[in-house]
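Worksheet: one structure, shown below.
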Amino acid sequence: MVAMGVLAARSGSLEQVVVLFGAVTLSHFATDQITYLAGCWLKPRVGRFPWVAKKLESVTARLAGSPGALWGLVPARVLPLGRGAWMAGCGMVGIGWKRFAAVDFFALLVHLATWSGLGWWLSYDIGRLQHSAEVGKIVGTWVAIGLVAAVAVFLIWRSRKGLQPAGVRASRRMGK
């Protein structure tokens, strides 16, 4: 979506921008409806797919418990918060298609404005964006290395008694 914003900003004509954003909006809206319909299809068959049921359980519980929970689709659509689960969950709990389509279209417009707007805003500052991505890769790599090291130290610390020589363990059991 960010790339669509960059393309739109550099397209040069209003007609191209309208066609590009129209195509993006329609394609996303169509795939959202397919996911919703898959949830409708899945509702009576969910017992056959326990791994799917487990993933959809929290979303469907929220949607079934509160009529306003459908608005949770907006942040799920904009941020990577499991939008597929939300859309399929809407179909599974029987939210009406018109209501789902209206909220989904609103969420899609917010998604488009957020991410394509970011691309548009940064479109003429690609050099800085590329540098930020390179720095982000380096920082991300070191953060990942640090997390792996911390988890390794924690796991070794937890299993330290099992790693001691048998004589040390025996003497500790004897109280010496």
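In the structure tokens, the first chain shown is A, the next is B, and so on; residue numbers restart at 1 for each chain, and ligands run from 1 in the order shown.
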* Could you tell me, as a ChimeraX atom specification, which residues of region 21-141 of chain A DSSP assigns to alpha helix (DSSP H) when given the backbone? => /A:21-42,50-65,73-78,83-93,97-122,126-141
* To do: May I have the residues within 6 Å of region 106-119 of chain A as a list in words, using only C-alpha atoms and disregarding those fewer than 5 positions away in the same chain?
  => Met1, Val2, Ala3, Met4, Gly5, Val6, Val74 and Val78 of chain A
* Which is closer to Arg83 (chain A) than all the others in A:Trp51, A:Tyr36, A:Trp120, A:Trp41, using only C-alpha atoms? ->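 Comparing A:Trp51, A:Tyr36, A:Trp120, A:Trp41 against Arg83 (chain A), the winner is A:Tyr36.
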Counting only C-alpha atoms, which residues in region 10-84 of chain A sit no more than 6 Å from region 89-105 of chain A? For each one, give the nearest pair of atoms and the distance in Å, sorted by chain then residue number, as a tab-separated table.
```
residue	atom	partner	partner_atom	distance
A:Tyr36	CA	A:Gly91	CA	4.9
A:Gly39	CA	A:Gly91	CA	4.3
A:Cys40	CA	A:Gly91	CA	4.3
A:Lys43	CA	A:Met92	CA	4.7
A:Thr60	CA	A:Gly89	CA	5.1
```
Can I get the selected residues back with N, CA and C atoms, as a tab-separated table (two decimals), in the first residue's frame?
```
chain	number	residue	atom	x	y	z
A	36	TYR	N	-14.98	-13.05	3.91
A	36	TYR	CA	-16.24	-13.06	4.66
A	36	TYR	C	-17.09	-14.26	4.24
A	39	GLY	N	-15.90	-17.40	5.64
A	39	GLY	CA	-16.36	-17.56	7.02
A	39	GLY	C	-17.79	-18.06	7.09
A	40	CYS	N	-18.65	-17.56	6.20
A	40	CYS	CA	-20.03	-18.06	6.14
A	40	CYS	C	-20.05	-19.55	5.79
A	43	LYS	N	-18.78	-21.73	8.81
A	43	LYS	CA	-19.59	-21.80	10.04
A	43	LYS	C	-20.12	-23.19	10.35
A	60	THR	N	-14.35	-14.63	17.12
A	60	THR	CA	-15.78	-14.94	17.06
A	60	THR	C	-16.45	-14.72	18.40
```
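Note that the spacing between CA of Leu56 (chain A) and CA of Leu42 (chain A) amounts to 10.9 Å.
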* Using only C-alpha atoms, pick whichever of A:Met87, A:Ser13, A:Leu70, A:Ser58 has the shortest atom-to-atom distance to Gln33 (chain A). => A:Met87
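Atom to atom, CA of Trp86 (chain A) and CA of Leu73 (chain A) stand 6.2 Å apart.
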* To do: Kindly give the distance, in Å, that separates CA of Val52 (chain A) and CA of Ala85 (chain A), rounded to a single decimal.
  =>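 Going from CA of Val52 (chain A) over to CA of Ala85 (chain A) covers 9.3 Å.
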* A:Val148, A:Leu7, A:Ala133, A:Met174 ranked by distance to Val19 (chain A), top pick (using only C-alpha atoms) ->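 With only C-alpha atoms as the atom set, the closest residue is A:Leu7.
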